[in-house]
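Colleague: What follows is a single structure, and I will ask about it in a moment.
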Amino acid sequence: MNENQTFEQTEHRLNLRTLQVSDFQDMMEIMERVYRVMGEYWTQEEFSSHLIRFPEGQICIEDKGKVVAAALSLIIDFSKYGESHTYRQVIGEGHLKNHDPDGDYLYGIEVFVHPDYQGLRLGRRLYDARKEICENLNLKGILVGGRIPGYHAYSKEMTPQQYIQMVNNKEIHDPVLSFQLSNDFHIKKLIPNYLPEDRESFGFAVLLEWNNIYYEQRQPLMGGKKTYVRLGAVQWQMRLFEDFDDFTQQVEFFVDTVARYNADIVLFPELFNAPLISKFDQEHASEAMRSLADYTEPLRQELINMALAYNINIISGSVPEYRDNQLFNVCFLCRRDGTWDKQYKLHITPEERQSWGLRGGDTLTAFETDVGRIGILICYDIEFPELSRILVDQGINILLVPFWTDTKNAYLRVRRCAQARAIENECYVAISGSVGNIPRVENMDIQYSQAAIFTPSDFAFPHDAIAAEATPNTEMTLIADLDLDLLKDLRQTGSVRNMLNRRLDLYNLTWVRR
């Protein structure tokens with residue numbers, strides 16, 4: 001026999017598919033080899049019932065037409081069983097009578113692999129296929145009652161609880177439980193008398209759960225949350241305007257431009273209405289900025305009207321607000337349903353405090369929108385990592401950063417901090433600034449910007465973790481589609497999991513201001 005003949009005879013032809021009635025004999029052969037300890041097998045009548053009640057949940061791997069591994073499951077309403085149930089209660093006398101097409105969890109009742117095929121990781125393929133079924137059926141997750149066959153060797157030394165903890169800590173290897181934990185299942189509860197005939201496990205089982213991070217409660221035909229968000233950012237040219245109407249016409253031009261691409265959000269830069277300050281006495285910069293604040297309320301109303309008219313959520317950049325004899329820097333969220341919110345700049349630079357007398361706000365909000373929760377941090381605030389972490393803990397997926405910088409080194413502080421926030425918080429971060437020069441405007445005469453949209457850094461995202469970026473110092477718009485489901489996946493299965501792996505037993509972050 002030559003080398004080529006040997007390869008031809010030993011080569012596998014593996015195929016994942018759903019089980020058929022004709023596969024029962026192959027199934028029996030595997031069960032007789034695998035379940036000699038418990039001595040109970042599925043009958044042909046029960047097997048046929050499985051295929052009738054839930055055919056898509058009964059899957060196998062065949063090698064050249066012969067079944068060599070299989071996994072059986074059903075759908076249950078978990079509220080009917082709770083965490084303390086038995087295997088018999090779930091399988092419904094073996095015929096899957098308890099299968100509930102309207103249930104919320106996929107329940108795995110069987111996985112077995114032919115002993116001759118151990119080492120090919122067929123069990124992992126079957127578990128991955130189950131996860132795909134769970135996702136496609138939009139179920140909350142997968143439940144299994146995991147055996148602990150290795151426990152019989154330790155039963156005189158420790159309790160089942162101690163054994164499970166040591167397996168979870170990887171101090172002991174259990175052939176079943178260790179495998180399930182390595183497949184992203186987590187322990188919910190130890191169940192006694194789950195399967196009394198399982199002598200190796202002393203009748204115990206571990207209720208394990210895999211969470212479907214893509215699960216969504218059924219959405220209405222209209223108005224449901226989107227999984228893709230189209231975001232536009234305006235790199236704004238600073239120019240002198242004849243009057244307020246001239247300014248708002250330029251704003252509306254960009255709102256219209258971005259909205260034509262069916263964008264969900266448009267972001268403007270910090271203090272983008274600053275050219276209007278030229279109408280006031282520049283010898284007293286602080287007084288001129290307070291006079292500019294007179295335009296703030298009319299501008300907010302114009303933006304609300306544009307949000308409604310163009311069906312887009314507008315992030316106003318930021319504008320000065322003067323109230324109670326104090327000057328603030330505020331950004332407005334103008335939603336396309338006509339409502340609005342605002343976020344104050346919290347950290348004021350030394351120059352802003354000295355030249356204009358700006359004060360920092362004292363509230364931080366995760367804003368609800370029709371595309372999910374978003375956060376807003378104005379320029380300098382992005383350089384304080386605590387703020388982004390607090391917002392992500394409150395459920396945001398997109399962080400919007402209007403900024404104003406005069407020099408490249410100032411811009412790079414904003415940019416690199418924004419990139420860091422995207423990576424460490426596993427979220428999208430968009431920055432938008434202004435370009436050009438505005439003569440006769442004290443302290444804001446030059447601008448430097450390169451607007452950009454940053455992503456986390458992992459395989460599912462762009463290789464440089466940049467979704468889009470503008471040409472430096474050129475007036476233009478950016479538009480990018482942001483996949484929110486990729487963030488869910490990253491936070492659970494990414495190469496690194498910054499949010500999940502925080503050592504909250506060592507440190508925490510607390511907002512102290514009521």
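We label chains A, B, ... in the order they appear in the structure tokens, count residues from 1 in each chain, and number ligands from 1 in the order shown.
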Among stretch 238-460 of chain A, which ones does DSSP assign to alpha helix (DSSP H) (computed from the backbone)? Answer as a VMD selection string.
Modeller: chain A and resid 244 to 259 285 to 292 296 to 310 350 to 356 385 to 393 408 to 425
Colleague: Give me the residues near stretch 360-367 of chain A as a PyMOL selection string, where near means some atom within 7 Å (using only C-alpha atoms) and where sequence neighbours in that chain fewer than 2 positions away do not count.
Modeller: chain A and resi 328+343-348+358+369+373-375+391+394+396
Colleague: If we count only C-alpha atoms, what is near A:Asn15 at a cut-off of 12 Å, once residues fewer than 2 positions away on the same chain are taken out, given as JSON, numbers by chain?
Modeller: {"A": [12, 13, 17, 18, 19, 59, 60, 61, 62, 63, 64, 65, 66, 67, 68, 69, 70, 122, 125, 126, 129]}
Colleague: My list of candidates is A:Trp511, A:Tyr428, A:Phe403, A:Phe459. Which is closest to A:Glu386 when distances are computed with only C-alpha atoms?
Modeller: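 Using only C-alpha atoms, A:Glu386 sits closest to A:Trp511.
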Colleague: Go ahead and compute the interatomic distance for atom CA of A:Ala467 and atom CA of A:Ile479, in Å to one decimal.
Modeller: 9.1 Å
Colleague: Neighbouring residues of A:Asn313 were defined as those with any atom within 9 Å, considering only C-alpha atoms; residues of the same chain fewer than 2 positions away were excluded. Please report them as a PyMOL selection string.
Modeller: chain A and resi 263-267+304+307-308+310-311+315+333-337+369-370
Colleague: Would you work out the distance separating atom CA of A:Val206 from atom CA of A:Glu83, expressed in Å to one decimal?
Modeller: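 These atoms are spaced 10.0 Å apart.
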Colleague: Can you list, as a CSV table (one decimal) with C-alpha atoms, in the first residue's frame, every protein, DNA or RNA residue that comes within 12 Å of A:Asp245 when you count only C-alpha atoms, leaving out same-chain residues fewer than 6 positions away?
Modeller:
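Written file, around.csv:
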```csv
chain,number,residue,atom,x,y,z
A,251,VAL,CA,-25.7,74.4,9.8
A,252,GLU,CA,-28.9,73.3,8.0
A,273,ASN,CA,-21.0,79.1,16.7
A,276,LEU,CA,-20.8,85.0,15.7
A,295,TYR,CA,-27.9,82.9,20.6
A,298,PRO,CA,-32.7,80.3,19.6
A,299,LEU,CA,-30.0,77.9,18.2
A,302,GLU,CA,-33.5,75.8,15.3
```
Colleague: Just the residues within 10 Å of A:Phe454, please, counting only C-alpha atoms, with nothing from its chain fewer than 5 positions along; format it as a list in words.
Modeller: Ile398, Leu399, Arg415, Ala418, Gln419, Ala420, Arg421, Ala422, Ile423, Cys427, Tyr428, Val429, Ala430, Ile431, Phe461, Pro462, Asp464, Ala465, Ile466, Ala467, Ala468, Glu469 and Leu482 of chain A
Colleague: Selected residues, C-alpha atoms, written as a CSV table (one decimal), in the first residue's frame, please.
Modeller:
```
chain,number,residue,atom,x,y,z
A,398,ILE,CA,-21.4,55.2,21.3
A,399,LEU,CA,-19.5,58.1,22.7
A,415,ARG,CA,-7.5,62.0,19.4
A,418,ALA,CA,-10.5,59.1,22.3
A,419,GLN,CA,-8.8,56.0,20.8
A,420,ALA,CA,-7.8,54.8,24.2
A,421,ARG,CA,-11.4,55.2,25.4
A,422,ALA,CA,-12.7,53.1,22.5
A,423,ILE,CA,-10.3,50.3,23.3
A,427,CYS,CA,-17.3,51.2,22.4
A,428,TYR,CA,-17.3,53.5,19.4
A,429,VAL,CA,-16.0,57.0,19.8
A,430,ALA,CA,-16.5,59.8,17.3
A,431,ILE,CA,-14.7,63.1,17.5
A,461,PHE,CA,-13.1,45.7,13.5
A,462,PRO,CA,-10.9,47.7,11.1
A,464,ASP,CA,-6.2,50.2,12.6
A,465,ALA,CA,-9.4,50.6,14.8
A,466,ILE,CA,-10.5,53.5,12.7
A,467,ALA,CA,-13.9,53.3,11.1
A,468,ALA,CA,-13.4,56.6,9.2
A,469,GLU,CA,-11.3,59.8,9.4
A,482,LEU,CA,-21.4,51.1,13.4
```
